[in-house]
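Participant: File follows, start-v8.csv with CSV, C-alpha atoms and all ligand atoms:
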chain,number,residue,atom,x,y,z
E,6,MET,CA,-7.8,35.0,-35.1
E,7,PHE,CA,-7.4,31.5,-33.8
E,8,ASN,CA,-8.2,28.5,-35.9
E,9,GLU,CA,-10.5,25.9,-34.2
E,10,LYS,CA,-7.7,23.7,-33.1
E,11,SER,CA,-5.7,26.3,-31.3
E,12,THR,CA,-8.9,27.6,-29.7
E,13,ASP,CA,-9.5,24.1,-28.4
E,14,LYS,CA,-6.0,23.9,-27.2
E,15,ILE,CA,-6.1,27.2,-25.3
E,16,SER,CA,-9.5,26.4,-23.7
E,17,LYS,CA,-8.0,23.1,-22.6
E,18,VAL,CA,-5.0,24.7,-21.0
E,19,LEU,CA,-7.2,27.3,-19.3
E,20,ASN,CA,-9.4,24.5,-18.0
E,21,PHE,CA,-6.4,22.6,-16.7
E,22,SER,CA,-5.1,25.7,-14.9
E,23,TYR,CA,-8.6,26.4,-13.5
E,24,PHE,CA,-8.9,22.8,-12.3
E,25,ALA,CA,-5.4,22.8,-10.7
E,26,GLU,CA,-6.0,26.1,-9.0
E,27,LYS,CA,-9.3,25.0,-7.5
E,28,LEU,CA,-7.7,21.8,-6.1
E,29,LEU,CA,-4.7,23.7,-4.8
E,30,ARG,CA,-7.1,26.1,-3.0
E,31,TRP,CA,-9.2,23.3,-1.6
E,32,TYR,CA,-6.4,21.2,-0.3
E,33,PRO,CA,-4.9,23.3,2.6
E,34,SER,CA,-8.2,23.7,4.5
E,35,ASN,CA,-9.5,20.2,3.8
E,36,LYS,CA,-6.5,17.8,4.0
E,37,ARG,CA,-6.2,15.3,6.8
E,38,ASP,CA,-3.3,15.7,9.1
E,39,LEU,CA,-1.3,12.6,8.5
E,40,PRO,CA,2.3,11.8,9.6
E,41,TRP,CA,3.6,11.4,6.0
E,42,ARG,CA,2.4,14.8,4.9
E,43,ASN,CA,4.6,17.9,5.2
E,44,THR,CA,7.8,15.9,4.7
E,45,GLN,CA,10.2,15.6,1.9
E,46,ASN,CA,11.9,12.6,3.3
E,47,PRO,CA,11.8,10.0,0.5
E,48,TYR,CA,12.0,7.1,3.0
E,49,ILE,CA,8.9,8.2,4.9
E,50,ILE,CA,7.0,9.0,1.6
E,51,TRP,CA,7.9,5.6,0.1
E,52,LEU,CA,7.0,3.6,3.2
E,53,SER,CA,3.6,5.3,3.5
E,54,GLU,CA,2.9,4.8,-0.2
E,55,ILE,CA,3.7,1.1,-0.1
E,56,ILE,CA,1.6,0.6,3.1
E,57,LEU,CA,-1.3,2.5,1.7
E,58,GLN,CA,-1.6,0.5,-1.6
E,59,GLN,CA,-4.9,-1.3,-1.4
E,60,THR,CA,-5.2,-0.2,2.2
E,61,ARG,CA,-7.4,2.4,3.9
E,62,VAL,CA,-5.6,5.2,5.8
E,63,ALA,CA,-7.2,4.2,9.1
E,64,GLN,CA,-5.9,0.6,8.7
E,65,GLY,CA,-2.5,1.6,7.4
E,66,LEU,CA,-1.7,4.3,9.9
E,67,PRO,CA,-0.8,2.0,12.9
E,68,TYR,CA,1.4,-0.1,10.6
E,69,PHE,CA,3.2,3.0,9.3
E,70,GLU,CA,3.9,4.1,12.9
E,71,LYS,CA,5.2,0.6,13.9
E,72,PHE,CA,7.5,0.5,10.9
E,73,ILE,CA,8.9,4.0,11.5
E,74,GLU,CA,9.5,3.1,15.2
E,75,SER,CA,11.2,-0.2,14.4
E,76,TYR,CA,13.1,1.0,11.4
E,77,PRO,CA,13.7,4.8,11.5
E,78,THR,CA,15.9,4.7,8.4
E,79,VAL,CA,16.0,2.7,5.2
E,80,SER,CA,19.3,1.1,6.4
E,81,ASP,CA,17.6,-0.1,9.5
E,82,LEU,CA,14.9,-1.8,7.4
E,83,ALA,CA,17.5,-3.3,5.0
E,84,MET,CA,19.4,-4.9,7.9
E,85,ALA,CA,16.3,-6.4,9.5
E,86,PRO,CA,15.6,-10.2,8.9
E,87,VAL,CA,12.8,-10.6,6.4
E,88,GLU,CA,10.8,-12.7,9.0
E,89,ASP,CA,10.7,-9.7,11.3
E,90,VAL,CA,9.4,-7.5,8.5
E,91,LEU,CA,6.7,-10.0,7.6
E,92,ARG,CA,5.7,-10.3,11.3
E,93,LEU,CA,5.3,-6.5,11.5
E,94,TRP,CA,3.3,-6.6,8.3
E,95,GLN,CA,1.0,-9.3,9.7
E,96,GLY,CA,-2.7,-8.4,9.1
E,97,LEU,CA,-2.1,-5.9,6.2
E,98,GLY,CA,-2.4,-8.5,3.4
E,99,TYR,CA,-0.7,-8.5,0.0
E,100,TYR,CA,2.5,-9.8,1.6
E,101,SER,CA,4.5,-9.4,-1.6
E,102,ARG,CA,4.5,-5.7,-0.7
E,103,ALA,CA,6.4,-6.5,2.5
E,104,ARG,CA,8.9,-8.7,0.7
E,105,ASN,CA,9.4,-6.1,-2.0
E,106,LEU,CA,9.7,-3.4,0.7
E,107,HIS,CA,12.5,-5.3,2.3
E,108,GLN,CA,14.3,-6.1,-1.0
E,109,CYS,CA,14.0,-2.5,-2.1
E,110,ALA,CA,15.5,-1.2,1.2
E,111,LYS,CA,18.5,-3.6,0.6
E,112,GLN,CA,18.8,-2.4,-3.0
E,113,ILE,CA,18.9,1.2,-1.9
E,114,VAL,CA,21.7,0.4,0.6
E,115,GLU,CA,23.7,-1.8,-1.7
E,116,ASP,CA,23.3,-0.1,-5.1
E,117,PHE,CA,22.5,3.5,-4.1
E,118,ASP,CA,24.7,4.0,-1.1
E,119,GLY,CA,21.7,4.3,1.2
E,120,GLN,CA,20.2,7.2,-0.7
E,121,PHE,CA,17.0,7.2,-2.6
E,122,PRO,CA,17.3,8.0,-6.3
E,123,THR,CA,16.1,11.6,-7.0
E,124,THR,CA,14.3,11.3,-10.3
E,125,TYR,CA,11.2,9.5,-11.5
E,126,LYS,CA,13.1,7.5,-14.1
E,127,GLU,CA,15.7,6.3,-11.6
E,128,LEU,CA,13.1,5.6,-8.9
E,129,LEU,CA,11.3,3.2,-11.3
E,130,LYS,CA,14.4,0.9,-11.1
E,131,LEU,CA,13.6,0.1,-7.5
E,132,LYS,CA,12.0,-3.2,-6.6
E,133,GLY,CA,8.3,-2.9,-6.1
E,134,VAL,CA,8.2,0.7,-7.2
E,135,GLY,CA,5.8,1.2,-10.1
E,136,GLN,CA,4.7,4.4,-11.9
E,137,TYR,CA,2.4,5.5,-9.2
E,138,THR,CA,4.9,5.2,-6.3
E,139,ALA,CA,7.8,6.7,-8.4
E,140,ALA,CA,5.6,9.7,-9.3
E,141,ALA,CA,4.6,10.1,-5.6
E,142,ILE,CA,8.2,10.1,-4.4
E,143,ALA,CA,9.6,12.2,-7.2
E,144,SER,CA,6.9,14.9,-6.8
E,145,PHE,CA,6.5,14.9,-3.0
E,146,ALA,CA,10.2,14.7,-2.2
E,147,TYR,CA,11.9,16.4,-5.2
E,148,LYS,CA,9.0,18.5,-6.7
E,149,GLU,CA,9.4,16.8,-10.1
E,150,GLN,CA,6.4,17.5,-12.4
E,151,VAL,CA,5.1,13.9,-12.8
E,152,ALA,CA,1.5,13.1,-12.2
E,153,VAL,CA,0.3,10.3,-9.9
E,154,LEU,CA,-2.5,8.1,-11.1
E,155,ASP,CA,-4.3,6.1,-8.5
E,156,GLY,CA,-8.0,5.2,-8.1
E,157,ASN,CA,-8.8,8.6,-6.7
E,158,VAL,CA,-7.2,10.4,-9.5
E,159,PHE,CA,-8.9,8.2,-12.1
E,160,ARG,CA,-12.3,9.1,-10.6
E,161,VAL,CA,-11.7,12.8,-10.3
E,162,LEU,CA,-10.4,13.1,-13.9
E,163,SER,CA,-13.0,10.9,-15.4
E,164,ARG,CA,-15.9,12.8,-13.7
E,165,TYR,CA,-14.6,16.3,-14.1
E,166,PHE,CA,-13.5,16.0,-17.7
E,167,GLY,CA,-16.2,13.5,-18.7
E,168,ILE,CA,-14.0,10.6,-19.9
E,169,ASP,CA,-15.8,7.3,-20.2
E,170,THR,CA,-12.9,5.1,-21.4
E,171,ASP,CA,-12.7,1.9,-19.3
E,172,ILE,CA,-10.0,2.5,-16.6
E,173,SER,CA,-9.2,-1.2,-16.2
E,174,GLY,CA,-7.8,-1.6,-19.7
E,175,SER,CA,-4.4,-0.5,-21.0
E,176,LYS,CA,-6.0,2.0,-23.4
E,177,GLY,CA,-7.7,3.7,-20.5
E,178,LYS,CA,-4.6,3.8,-18.4
E,179,LYS,CA,-2.7,5.4,-21.2
E,180,GLU,CA,-5.4,8.0,-21.9
E,181,PHE,CA,-5.8,8.9,-18.3
E,182,GLN,CA,-2.0,9.1,-17.7
E,183,GLU,CA,-1.7,11.5,-20.7
E,184,LEU,CA,-4.6,13.6,-19.2
E,185,ALA,CA,-3.0,13.6,-15.7
E,186,ASP,CA,0.4,14.6,-17.2
E,187,ALA,CA,-1.2,17.5,-19.1
E,188,ALA,CA,-3.2,18.7,-16.0
E,189,ILE,CA,-0.3,18.8,-13.5
E,190,PRO,CA,1.0,22.3,-13.1
E,191,LYS,CA,4.7,23.3,-13.2
E,192,LYS,CA,4.3,25.2,-9.9
E,193,HIS,CA,3.6,23.1,-6.8
E,194,PRO,CA,3.4,19.7,-8.5
E,195,ASP,CA,3.8,18.1,-5.1
E,196,GLU,CA,0.9,19.9,-3.6
E,197,TYR,CA,-1.2,19.3,-6.6
E,198,ASN,CA,-0.7,15.5,-6.6
E,199,GLN,CA,-1.5,15.4,-2.9
E,200,ALA,CA,-4.6,17.6,-3.5
E,201,ILE,CA,-6.1,15.6,-6.3
E,202,MET,CA,-5.7,12.3,-4.4
E,203,GLU,CA,-7.1,13.8,-1.2
E,204,PHE,CA,-10.0,15.4,-3.2
E,205,GLY,CA,-10.9,12.0,-4.6
E,206,ALA,CA,-10.7,10.4,-1.1
E,207,LEU,CA,-12.8,13.0,0.7
E,208,GLN,CA,-15.0,15.0,-1.8
E,209,CYS,CA,-15.3,13.2,-5.1
E,210,THR,CA,-15.8,9.8,-3.4
E,211,PRO,CA,-16.8,6.6,-5.1
E,212,LYS,CA,-20.3,6.7,-3.6
E,213,LYS,CA,-22.2,9.8,-2.5
E,214,ALA,CA,-19.7,12.3,-3.8
E,215,THR,CA,-20.4,15.7,-2.1
E,216,CYS,CA,-21.1,17.6,-5.3
E,217,ASP,CA,-23.2,20.2,-3.4
E,218,THR,CA,-20.2,21.7,-1.8
E,219,CYS,CA,-17.7,21.0,-4.5
E,220,PRO,CA,-15.6,23.9,-5.8
E,221,LEU,CA,-15.4,22.3,-9.2
E,222,GLN,CA,-19.2,21.8,-9.6
E,223,SER,CA,-19.9,24.6,-12.0
E,224,SER,CA,-17.6,23.2,-14.7
E,225,CYS,CA,-17.8,19.4,-13.8
E,226,TYR,CA,-18.9,17.3,-16.8
E,227,ALA,CA,-20.3,14.5,-14.8
E,228,PHE,CA,-22.3,16.8,-12.5
E,229,ALA,CA,-23.8,18.7,-15.5
E,230,ASN,CA,-24.7,15.5,-17.3
E,231,ASP,CA,-25.9,13.4,-14.4
E,232,LEU,CA,-23.1,10.9,-14.8
E,233,VAL,CA,-21.5,11.1,-11.3
E,234,GLU,CA,-22.6,7.6,-10.4
E,235,LYS,CA,-21.6,6.2,-13.8
E,236,LEU,CA,-18.0,7.4,-14.0
E,237,PRO,CA,-15.4,6.2,-14.0
E,238,VAL,CA,-16.2,3.1,-16.2
E,239,LYS,CA,-14.6,-0.1,-14.9
E,240,ASN,CA,-15.5,-3.2,-16.8
E,241,LYS,CA,-13.0,-5.7,-15.8
E,242,LYS,CA,-14.5,-8.1,-13.2
E,243,VAL,CA,-12.0,-9.8,-11.0
E,244,LYS,CA,-12.3,-13.6,-11.2
E,245,VAL,CA,-12.5,-15.0,-7.7
E,246,SER,CA,-11.7,-18.6,-7.1
E,247,THR,CA,-12.8,-20.6,-4.1
E,248,ARG,CA,-10.3,-22.7,-2.1
E,249,ALA,CA,-10.9,-25.2,0.6
E,250,PHE,CA,-8.2,-26.0,3.2
E,251,LEU,CA,-8.0,-28.5,5.9
E,252,TYR,CA,-5.4,-27.4,8.4
E,253,HIS,CA,-3.7,-29.8,10.8
E,254,ASP,CA,-3.1,-28.2,14.2
E,255,ILE,CA,-0.6,-30.6,15.7
E,256,VAL,CA,0.1,-29.8,19.4
E,257,CYS,CA,2.7,-31.5,21.6
E,258,GLY,CA,3.4,-29.9,25.0
E,259,ASP,CA,4.2,-26.3,24.4
E,260,GLY,CA,4.9,-26.7,20.7
E,261,LYS,CA,3.2,-27.0,17.4
E,262,VAL,CA,4.1,-28.3,14.0
E,263,VAL,CA,4.2,-25.5,11.5
E,264,ARG,CA,5.5,-24.8,8.0
E,265,THR,CA,6.8,-21.8,6.0
E,266,ARG,CA,4.7,-21.2,2.9
E,267,GLY,CA,6.5,-21.6,-0.3
E,268,PRO,CA,6.6,-19.6,-3.5
E,269,LYS,CA,4.0,-19.3,-6.2
E,270,ASP,CA,1.0,-19.2,-3.9
E,271,ILE,CA,-0.6,-16.8,-1.5
E,272,TRP,CA,1.1,-15.8,1.8
E,273,GLN,CA,4.6,-16.7,0.6
E,274,GLY,CA,7.1,-16.7,3.5
E,275,LEU,CA,4.4,-16.7,6.2
E,276,THR,CA,4.0,-19.5,8.7
E,277,ASP,CA,0.9,-21.7,8.8
E,278,PHE,CA,0.1,-25.3,9.6
E,279,PRO,CA,0.4,-28.4,7.5
E,280,LEU,CA,-2.6,-28.5,5.2
E,281,VAL,CA,-4.4,-30.5,2.6
E,282,GLU,CA,-6.4,-28.7,0.0
E,283,PHE,CA,-9.8,-30.0,-1.2
E,284,SER,CA,-11.8,-29.3,-4.3
E,285,SER,CA,-14.6,-27.5,-2.5
E,286,PRO,CA,-15.5,-26.6,1.1
E,287,GLU,CA,-18.2,-29.3,1.2
E,288,ASN,CA,-15.6,-32.0,0.4
E,289,ILE,CA,-13.3,-31.2,3.4
E,290,ASN,CA,-13.0,-34.4,5.2
E,291,PRO,CA,-10.1,-35.5,7.5
E,292,GLU,CA,-10.6,-39.1,6.4
E,293,ASP,CA,-9.4,-38.1,2.9
E,294,SER,CA,-6.2,-36.6,4.2
E,295,ASN,CA,-3.0,-38.7,4.3
E,296,LEU,CA,-1.5,-36.4,6.9
E,297,PHE,CA,-4.5,-37.1,9.2
E,298,HIS,CA,-3.9,-40.9,9.0
E,299,GLU,CA,-0.2,-40.5,9.6
E,300,LEU,CA,-0.8,-38.3,12.6
E,301,GLN,CA,-3.3,-40.6,14.1
E,302,ALA,CA,-0.4,-43.0,14.8
E,303,PHE,CA,0.9,-40.4,17.3
E,304,SER,CA,-2.3,-39.2,18.8
E,305,PRO,CA,-5.4,-40.8,20.2
E,306,THR,CA,-6.9,-37.3,20.8
E,307,VAL,CA,-8.3,-35.8,17.6
E,308,ASN,CA,-10.8,-33.0,17.3
E,309,PHE,CA,-12.6,-31.9,14.2
E,310,GLU,CA,-15.5,-29.6,14.0
E,311,LYS,CA,-16.9,-29.6,10.4
E,312,GLU,CA,-19.3,-26.7,11.2
E,313,LYS,CA,-16.5,-24.4,12.5
E,314,THR,CA,-15.3,-23.0,9.2
E,315,TYR,CA,-13.0,-20.0,8.9
E,316,LYS,CA,-13.7,-17.8,5.9
E,317,HIS,CA,-11.1,-15.5,4.5
E,318,ILE,CA,-11.5,-13.2,1.5
E,319,LEU,CA,-8.6,-12.1,-0.6
E,320,SER,CA,-8.9,-10.0,-3.8
E,321,HIS,CA,-8.8,-13.1,-6.1
E,322,GLN,CA,-9.6,-15.9,-3.7
E,323,LYS,CA,-12.2,-17.0,-1.2
E,324,ILE,CA,-10.7,-19.4,1.3
E,325,PHE,CA,-12.7,-21.7,3.5
E,326,SER,CA,-10.8,-23.5,6.2
E,327,ASN,CA,-11.4,-26.2,8.7
E,328,PHE,CA,-9.0,-27.3,11.4
E,329,VAL,CA,-8.4,-30.7,12.7
E,330,SER,CA,-6.4,-30.7,15.9
E,331,PHE,CA,-4.2,-33.4,17.4
E,332,ASN,CA,-3.0,-33.5,21.0
E,333,ILE,CA,0.1,-35.6,21.0
E,334,PRO,CA,1.6,-36.8,24.2
E,335,GLU,CA,5.0,-35.3,25.1
E,336,ASP,CA,6.6,-38.7,25.1
E,337,TYR,CA,6.3,-38.7,21.3
E,338,GLN,CA,7.9,-35.2,20.8
E,339,SER,CA,11.2,-36.4,19.4
E,340,ALA,CA,9.4,-38.9,17.0
E,341,LEU,CA,7.1,-36.1,16.0
E,342,GLU,CA,10.0,-33.7,15.4
E,343,LYS,CA,11.6,-36.3,13.1
E,344,TRP,CA,8.4,-36.8,11.3
E,345,ALA,CA,8.0,-33.0,10.9
E,346,ASP,CA,11.5,-32.7,9.6
E,347,SER,CA,11.0,-35.5,7.0
E,348,LYS,CA,8.0,-33.6,5.7
E,349,GLY,CA,9.8,-30.2,5.5
E,350,PHE,CA,7.8,-28.9,8.5
E,351,LEU,CA,9.1,-27.5,11.7
E,352,PHE,CA,8.4,-28.1,15.4
E,353,CYS,CA,8.3,-24.8,17.1
E,354,ASP,CA,7.4,-23.6,20.7
E,355,SER,CA,4.7,-21.0,21.4
E,356,GLU,CA,7.1,-18.2,22.1
E,357,LYS,CA,8.8,-18.6,18.7
E,358,LEU,CA,5.5,-19.0,16.9
E,359,GLU,CA,4.4,-15.7,18.4
E,360,THR,CA,7.3,-13.9,16.6
E,361,LEU,CA,6.6,-15.4,13.2
E,362,GLY,CA,4.4,-13.7,10.5
E,363,LYS,CA,1.2,-15.6,10.0
E,364,PRO,CA,-1.8,-15.2,7.8
E,365,GLN,CA,-4.8,-13.5,9.5
E,366,LEU,CA,-6.8,-16.7,9.2
E,367,ILE,CA,-4.2,-18.5,11.4
E,368,VAL,CA,-4.0,-15.6,13.8
E,369,LYS,CA,-7.8,-15.6,14.2
E,370,TYR,CA,-7.8,-19.4,14.8
E,371,LEU,CA,-5.0,-19.1,17.5
E,372,ASN,CA,-6.8,-16.3,19.2
E,373,ASP,CA,-10.1,-18.3,19.3
E,374,LYS,CA,-8.2,-21.1,21.0
E,375,LYS,CA,-6.9,-18.9,23.8
E,401,LIG,S1,-19.1,18.1,-8.8
E,401,LIG,FE1,-19.2,16.1,-7.9
E,401,LIG,S2,-18.4,14.7,-9.5
E,401,LIG,FE2,-17.8,16.7,-10.1
E,401,LIG,S3,-15.7,16.9,-9.3
E,401,LIG,FE3,-17.1,17.8,-7.7
E,401,LIG,S4,-17.6,16.0,-6.4
E,401,LIG,FE4,-16.7,15.2,-8.2
Reformat the file's structure so that it appears as structure tokens.
Ligand code: SF4

Facilitator:
Amino acid sequence: MFNEKSTDKISKVLNFSYFAEKLLRWYPSNKRDLPWRNTQNPYIIWLSEIILQQTRVAQGLPYFEKFIESYPTVSDLAMAPVEDVLRLWQGLGYYSRARNLHQCAKQIVEDFDGQFPTTYKELLKLKGVGQYTAAAIASFAYKEQVAVLDGNVFRVLSRYFGIDTDISGSKGKKEFQELADAAIPKKHPDEYNQAIMEFGALQCTPKKATCDTCPLQSSCYAFANDLVEKLPVKNKKVKVSTRAFLYHDIVCGDGKVVRTRGPKDIWQGLTDFPLVEFSSPENINPEDSNLFHELQAFSPTVNFEKEKTYKHILSHQKIFSNFVSFNIPEDYQSALEKWADSKGFLFCDSEKLETLGKPQLIVKYLNDKK
């Protein structure tokens, strides 16, 4: 006879194996056919995982294809100038991912002889590779029994097993990681990890989960207790700040004055225009910009449209931007270049500007001007 504890333990194990088996059966006939599936190449897996962080598949797919075409191997990526990598990444956002991607490729070439490490523990040593990505590579490429934990997995586990611990806190992360580690089967850990993520993306979705056709419905805690809409619990609200930029679009002949964005702020390493930041969008006023007054000495032609505001939303920031443009006669080009140099800016022609990675807000503005 079993005591209560061991009965619990056994029913848990049985439940885990039932859960895994259902997911493994569901996966082959429901999975999307994506280019990073059905491969054990760690480079392809790593690249796709980094691109897909905070990015929908439909948005990430063309970027993945561009990267594979431009850099077929990790060595090709390591040898590329970082500016080219940032330019290829343009529009995907979260640019630290692109910088880390490049640094990680270099690290693999320099420290690991061009070969990806083959264990979860070693993979964690790579730049920009956290627990989730290390687990994905270790399981998909090397079949190591380590569980991935992303938003989809949190949701499926929380609903199916009825866990209401807040997933945004460290306690929740620990609890869910333990649950995920216990649920992953020894056999086919690679397929299982892919299956649970795909199941969360396609069946057990954040809104309107398709419980009616769900193979786990009969034993799902959330379904039985009418908690599907309430789980998982996520209490932490992201604090969003508002920023107000006045960009100075300084045109002279075929060139513009630009600058490379520095560290400790958004869009590090990307190219934008000289700017002055204001306390709020309502306060944006060229008359309060020193740059504006300095540039007026070069240019009689100034254009500012207060009502034409570009709004750009990031995860933690809402950015409102106005542009003031200056059309400077070509006679002043060398004086303008000297001025730009003294400010740490750069005068660059349109062909060069096209090759540089720029924030989407700048790309949109430039496209509107065409
Ligand atoms: S029954 Fe609904 S909530 Fe439960 S696992 Fe299936 S899709 Fe998710």

Participant: Near E:Asp231, within 12 Å and counting only C-alpha atoms, which residues show up once chain neighbours fewer than 4 positions away are dropped, as an mmCIF file with C-alpha atoms, in the frame of the given file?

Facilitator:
data_model
loop_
_atom_site.group_PDB
_atom_site.id
_atom_site.type_symbol
_atom_site.label_atom_id
_atom_site.label_comp_id
_atom_site.auth_asym_id
_atom_site.auth_seq_id
_atom_site.Cartn_x
_atom_site.Cartn_y
_atom_site.Cartn_z
ATOM 1 C CA ARG E 164 -15.900 12.800 -13.700
ATOM 2 C CA TYR E 165 -14.600 16.300 -14.100
ATOM 3 C CA GLY E 167 -16.200 13.500 -18.700
ATOM 4 C CA CYS E 216 -21.100 17.600 -5.300
ATOM 5 C CA GLN E 222 -19.200 21.800 -9.600
ATOM 6 C CA CYS E 225 -17.800 19.400 -13.800
ATOM 7 C CA TYR E 226 -18.900 17.300 -16.800
ATOM 8 C CA ALA E 227 -20.300 14.500 -14.800
ATOM 9 C CA LYS E 235 -21.600 6.200 -13.800
ATOM 10 C CA LEU E 236 -18.000 7.400 -14.000
#

Participant: Calculate how many Å separate atom CA of E:Leu341 from atom CA of E:Arg266, rounding to one decimal.

Facilitator: 20.0 Å

Participant: Kindly compile the residues surrounding ligand LIG 401 (chain E) within 9 Å, counting all atoms listed in the file, and format them as a count of residues only.

Facilitator: 33

Participant: Using Å and a single decimal, report how far atom CA of E:Gln95 sits from atom CA of E:Gln64.

Facilitator: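 The value is 12.1 Å.
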
Participant: Show me, as a list in words, the residues that have an atom within 12 Å of E:Lys357 when counting all atoms listed in the file, minus same-chain residues fewer than 3 positions from it.

Facilitator: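 Within the cut-off, the hits are Glu88, Asp89, Arg92, Asp259, Gly260, Lys261, Val262, Val263, Thr276, Leu351, Phe352, Cys353, Asp354, Thr360, Leu361, Gly362 and Lys363 of chain E.
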
Participant: Residues near E:Leu251, anyone? I mean within 8 Å using only C-alpha atoms, not counting same-chain ones fewer than 5 positions away, as a PDB file with C-alpha atoms, in the frame of the given file.

Facilitator:
ATOM      1  CA  LEU E 280      -2.600 -28.500   5.200  1.00  0.00           C
ATOM      2  CA  VAL E 281      -4.400 -30.500   2.600  1.00  0.00           C
ATOM      3  CA  GLU E 282      -6.400 -28.700   0.000  1.00  0.00           C
ATOM      4  CA  PHE E 283      -9.800 -30.000  -1.200  1.00  0.00           C
ATOM      5  CA  ILE E 289     -13.300 -31.200   3.400  1.00  0.00           C
ATOM      6  CA  ASN E 290     -13.000 -34.400   5.200  1.00  0.00           C
ATOM      7  CA  PRO E 291     -10.100 -35.500   7.500  1.00  0.00           C
ATOM      8  CA  SER E 326     -10.800 -23.500   6.200  1.00  0.00           C
ATOM      9  CA  ASN E 327     -11.400 -26.200   8.700  1.00  0.00           C
ATOM     10  CA  PHE E 328      -9.000 -27.300  11.400  1.00  0.00           C
ATOM     11  CA  VAL E 329      -8.400 -30.700  12.700  1.00  0.00           C
TER      12      VAL E 329
END

Participant: Need the shell around E:Gly133: protein/DNA/RNA residues with any atom at most 12 Å away, counting only C-alpha atoms. Skip same-chain ones fewer than 6 positions apart. Format as a PyMOL selection string?

Facilitator: chain E and resi 51-52+54-56+58+100-110+112+139

Participant: Grab the atom CA of E:Tyr147 to atom CA of E:Thr123 distance for me, in Å with one decimal place.

Facilitator: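 Between these atoms lies a distance of 6.6 Å.
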
Participant: Point out the residue among E:Ala200, E:Leu129, E:Ala141, E:Leu82 with the least atom-to-atom distance to E:Gln45, counting all atoms listed in the file.

Facilitator: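 Ranked by minimum distance to E:Gln45, first place goes to E:Ala141.
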
Participant: Select, from E:Trp344, E:Tyr99, E:Phe21, E:Phe181, the residue with the minimum atom-to-atom distance to E:Gly156, counting only C-alpha atoms.

Facilitator: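 Among the listed residues, the smallest separation from E:Gly156 belongs to E:Phe181.
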
Participant: Calculated over all atoms listed in the file, which of the candidates E:Thr60, E:Gln199, E:Gln301, E:Ser339 has the smallest distance to E:Lys36?

Facilitator: E:Gln199

Participant: Near E:Asp155, within 8 Å and counting all atoms listed in the file, which residues show up once chain neighbours fewer than 3 positions away are dropped, as a list in words?

Facilitator: Tyr137, Val158, Phe159 and Met202 of chain E

Participant: Using only C-alpha atoms, which of the listed residues (E:Ile142, E:Val62, E:Leu128, E:Val90) sits closest to E:Tyr48?

Facilitator: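 For E:Tyr48, the nearest of the candidates is E:Ile142.
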
Participant: Between E:Gln273, E:Gln338, E:Gln365, E:Gln136, which residue has the minimum interatomic distance to E:Tyr315, considering only C-alpha atoms?

Facilitator: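 Using only C-alpha atoms, the shortest distance to E:Tyr315 belongs to E:Gln365.
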
Participant: Which of these residues is nearest to E:Pro364, using all atoms listed in the file: E:Asp277, E:Glu312, E:Glu70, E:Glu196?

Facilitator: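 Counting all atoms listed in the file, the residue closest to E:Pro364 is E:Asp277.
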
Participant: Which protein, DNA or RNA residues have an atom at most 9 Å from (0.3, -35.7, 19.0), counting all atoms listed in the file? List them as a list of chain:residue names.

Facilitator: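 I get E:Ile255, E:Val256, E:Cys257, E:Gly258, E:Leu300, E:Gln301, E:Ala302, E:Phe303, E:Ser304, E:Pro305, E:Thr306, E:Val307, E:Ser330, E:Phe331, E:Asn332, E:Ile333, E:Pro334, E:Glu335, E:Tyr337, E:Gln338, E:Leu341 for the residues within 9 Å of that point.
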